[in-house]
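I have placed the structure first, in the form of structure tokens, so that the comments after it can refer back to it.
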Amino acid sequence: MSDVHAHPALAHHFDSLEEQKEAATLGMWVFLVTEVLFFGGLFATYAIYRTWYPDAFAAASHELDVTLGTINTAVLITSSLTMALAVHAAQLGQRAKIMVFLALTMALGGVFLGIKSVEYYHKFAEHLIPGPGFQFEKEHIRHAQIFFSLYFVMTGLHALHMIIGFGIMLVMLWWTWRGTITAEYYSPIEISGLYWHFVDIVWIFLFPLLYLIGRHAH
Amino acid sequence: MHTNHIVPPRVYYAIFGILMLCTYLTVQIAFFDLGPLNVVAALTIAVFKATLVVLFFMHVKYSTKLTWAVVLGSVFWLGILLALTMSDYLTRVWRTYG
């Protein structure tokens, strides 16, 4: 425990960087548990209304663009790969590589949000925003609004998480550039990666539940 | 300790390939009418994809037992949330017969 050899990033209440990293990872996972239950409430709401109004949900789901949804799923999975490679580069202390992969991750996140806004714009133009202006086949007009409310809340909160992730990556890029991140101290990149992958997982469930249900029915 | 385990990039590329393949599969399956099995297939593939992301991209496979406990805990509490909620909503119609 000599202070002479202590790593500058080692906080005084930890014995080693190893112990500090374990605590950081665990803390991030505990936060992600709260996120699982936060989105879990929305998934439970979706499950209830889908059970009650399966036909309206299938018809409303049919209005979503499967091609754009599939492209966005591929974009997000690719961003998870670049994120994993950024963490790998961080473990080896390869500063330039970390920055390249972080930038790629951010770029792919940007592509995802861009495609998402195009989709939102289409829904707006097609009068599929729940409210007085909502237009849909008369039979399902009330229950289809429940689907679209859930669609906008769930994808909207997901997009908000992406924007926050974008900000986190920006900070990580800055920390890497100024030399804070090294092979001995890379846990900021590691736990930022955990957050990014979690957001990817949320989309892995949103995509089939929103875009693919009732695809065969029409 | 396992916490500094370095996963070779080829593992990440392999997982990426499987995730992409699963995405293709789930989209293709959605266009066939399998009745109630459509949602079962979609969710099975989604759970499989999420498990791969958690184990490999999020390094849980190489993490401490404590991390495992927290991860499984989140699944367990999510299970309680969904199971108890649905056990209420799905059984409300039973009143008709009772």
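Chain lettering (A, B, ...) mirrors the order of the structure tokens, residue numbering begins at 1 for each chain separately, and ligand numbering begins at 1 in order of display.
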May I have a table of the residues of chain B lying at most 8 Å from chain A, giving each one's closest pair of atoms and their distance in Å to one decimal, counting only C-alpha atoms, ordered by chain and ascending residue number, as a tab-separated table?
```
residue	atom	partner	partner_atom	distance
B:Thr3	CA	A:Glu22	CA	7.1
B:Asn4	CA	A:Gln91	CA	7.9
B:Ile6	CA	A:His88	CA	7.0
B:Val7	CA	A:His88	CA	7.3
B:Pro9	CA	A:Leu85	CA	6.9
B:Tyr12	CA	A:Leu81	CA	6.6
B:Tyr13	CA	A:Leu81	CA	7.3
B:Phe16	CA	A:Leu81	CA	6.4
B:Leu19	CA	A:Ile77	CA	7.3
B:Met20	CA	A:Ala74	CA	6.6
B:Thr23	CA	A:Thr73	CA	7.6
B:Thr26	CA	A:Pro208	CA	7.6
B:Val27	CA	A:Leu212	CA	7.0
B:Ala30	CA	A:Leu212	CA	5.8
B:Phe31	CA	A:His216	CA	4.5
B:Phe32	CA	A:His216	CA	5.5
B:Asp33	CA	A:His216	CA	5.3
B:Asn38	CA	A:Ile213	CA	7.6
B:Val39	CA	A:Ile213	CA	7.0
B:Ala42	CA	A:Pro208	CA	6.1
B:Leu43	CA	A:Phe205	CA	7.5
B:Ala46	CA	A:Phe205	CA	5.8
B:Val47	CA	A:Phe205	CA	8.0
B:Lys49	CA	A:Ile204	CA	7.3
B:Ala50	CA	A:Ile201	CA	5.6
B:Val53	CA	A:His197	CA	7.0
B:Val54	CA	A:His197	CA	7.8
B:Phe57	CA	A:Ala84	CA	5.8
B:Met58	CA	A:Leu194	CA	5.7
B:Leu66	CA	A:Leu26	CA	7.7
B:Thr67	CA	A:Leu26	CA	6.0
B:Val70	CA	A:Val30	CA	6.7
B:Val71	CA	A:Trp29	CA	7.1
B:Gly73	CA	A:Val33	CA	7.9
B:Ser74	CA	A:Val33	CA	5.1
B:Trp77	CA	A:Leu37	CA	7.6
B:Leu78	CA	A:Leu37	CA	6.1
B:Leu81	CA	A:Gly40	CA	7.4
B:Leu82	CA	A:Ala44	CA	5.7
B:Thr85	CA	A:Ala44	CA	7.3
B:Met86	CA	A:Ile48	CA	7.0
B:Tyr89	CA	A:Ile48	CA	6.8
B:Leu90	CA	A:Thr51	CA	7.9
```
### Task
Write out as a PyMOL selection string which residues come within 8 Å of segment 127-135 of chain A when counting only C-alpha atoms, dropping same-chain ones fewer than 4 positions away.
chain A and resi 123+141+145-146+148-149
Those selected residues, please, written with all heavy atoms and delivered as a CSV table (one decimal), in the first residue's frame.
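Ended up saving to part-v4.csv:
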```csv
chain,number,residue,atom,x,y,z
A,123,LYS,N,-44.4,8.7,-40.0
A,123,LYS,CA,-45.6,8.4,-39.1
A,123,LYS,C,-46.3,9.7,-39.0
A,123,LYS,O,-47.6,9.8,-39.0
A,123,LYS,CB,-45.1,7.9,-37.8
A,123,LYS,CG,-44.5,6.6,-37.8
A,123,LYS,CD,-45.3,5.5,-38.3
A,123,LYS,CE,-44.5,4.3,-38.9
A,123,LYS,NZ,-44.0,4.5,-40.2
A,141,ILE,N,-59.4,2.1,-34.8
A,141,ILE,CA,-58.8,3.4,-34.6
A,141,ILE,C,-58.5,3.7,-33.1
A,141,ILE,O,-57.4,4.3,-32.9
A,141,ILE,CB,-59.8,4.5,-35.2
A,141,ILE,CG1,-59.0,5.8,-35.2
A,141,ILE,CG2,-61.0,4.7,-34.4
A,141,ILE,CD1,-59.5,6.8,-36.3
A,145,GLN,N,-54.2,3.4,-31.6
A,145,GLN,CA,-53.6,4.6,-30.9
A,145,GLN,C,-52.8,4.1,-29.7
A,145,GLN,O,-51.8,4.7,-29.4
A,145,GLN,CB,-54.6,5.6,-30.5
A,145,GLN,CG,-55.1,6.4,-31.7
A,145,GLN,CD,-56.0,7.6,-31.3
A,145,GLN,OE1,-55.5,8.5,-30.7
A,145,GLN,NE2,-57.3,7.4,-31.5
A,146,ILE,N,-53.3,3.0,-29.0
A,146,ILE,CA,-52.5,2.5,-27.9
A,146,ILE,C,-51.2,1.9,-28.4
A,146,ILE,O,-50.2,2.2,-27.8
A,146,ILE,CB,-53.3,1.4,-27.2
A,146,ILE,CG1,-54.7,2.0,-26.6
A,146,ILE,CG2,-52.5,0.8,-26.1
A,146,ILE,CD1,-55.6,1.0,-26.0
A,148,PHE,N,-49.6,2.8,-31.1
A,148,PHE,CA,-48.6,3.9,-31.5
A,148,PHE,C,-48.1,4.7,-30.3
A,148,PHE,O,-47.0,5.2,-30.3
A,148,PHE,CB,-49.3,4.8,-32.6
A,148,PHE,CG,-49.0,4.2,-34.0
A,148,PHE,CD1,-50.1,3.5,-34.6
A,148,PHE,CD2,-47.8,4.2,-34.6
A,148,PHE,CE1,-49.9,2.9,-35.8
A,148,PHE,CE2,-47.6,3.6,-35.8
A,148,PHE,CZ,-48.6,3.0,-36.4
A,149,SER,N,-49.0,4.8,-29.3
A,149,SER,CA,-48.5,5.5,-28.0
A,149,SER,C,-47.3,4.7,-27.5
A,149,SER,O,-46.2,5.2,-27.2
A,149,SER,CB,-49.6,5.5,-27.0
A,149,SER,OG,-50.7,6.3,-27.5
```
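The interatomic distance for the pair atom CA of Thr51 of chain B and atom CA of Trp68 of chain B works out to 12.5 Å.
Closest approach to Pro8 of chain B from the set B:Phe56, B:Phe48, B:Cys22, B:Leu34 is made by B:Phe56, with distances taken over only C-alpha atoms.
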### Task
Check the smallest atom-to-atom distance from each of A:Ser61, A:Arg142, A:Pro54, A:Phe166 to Pro36 of chain B using only C-alpha atoms, then report the winner.
A:Pro54
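Nearest to Pro188 of chain A of all the residues A:Ala60, A:Leu104, A:Leu173, A:Val111 is A:Leu173, counting only C-alpha atoms.
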### Query
So which residues touch segment 158-163 of chain A within 7 Å, counting only C-alpha atoms, skipping near sequence neighbours fewer than 5 positions away, as a list in words?
Gly109, Leu113 and Val199 of chain A
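From atom CA of Glu139 of chain A back to atom CA of Tyr121 of chain A, the distance works out to 24.8 Å.
If you look at atom CA of Phe112 of chain A and atom CA of Ala56 of chain A, they are 27.5 Å away from each other.
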### Task
Pick out each residue of chain B that DSSP on the backbone tags as alpha helix (DSSP H); I need them as a VMD selection string.
chain B and resid 9 to 30 37 to 52 65 to 89
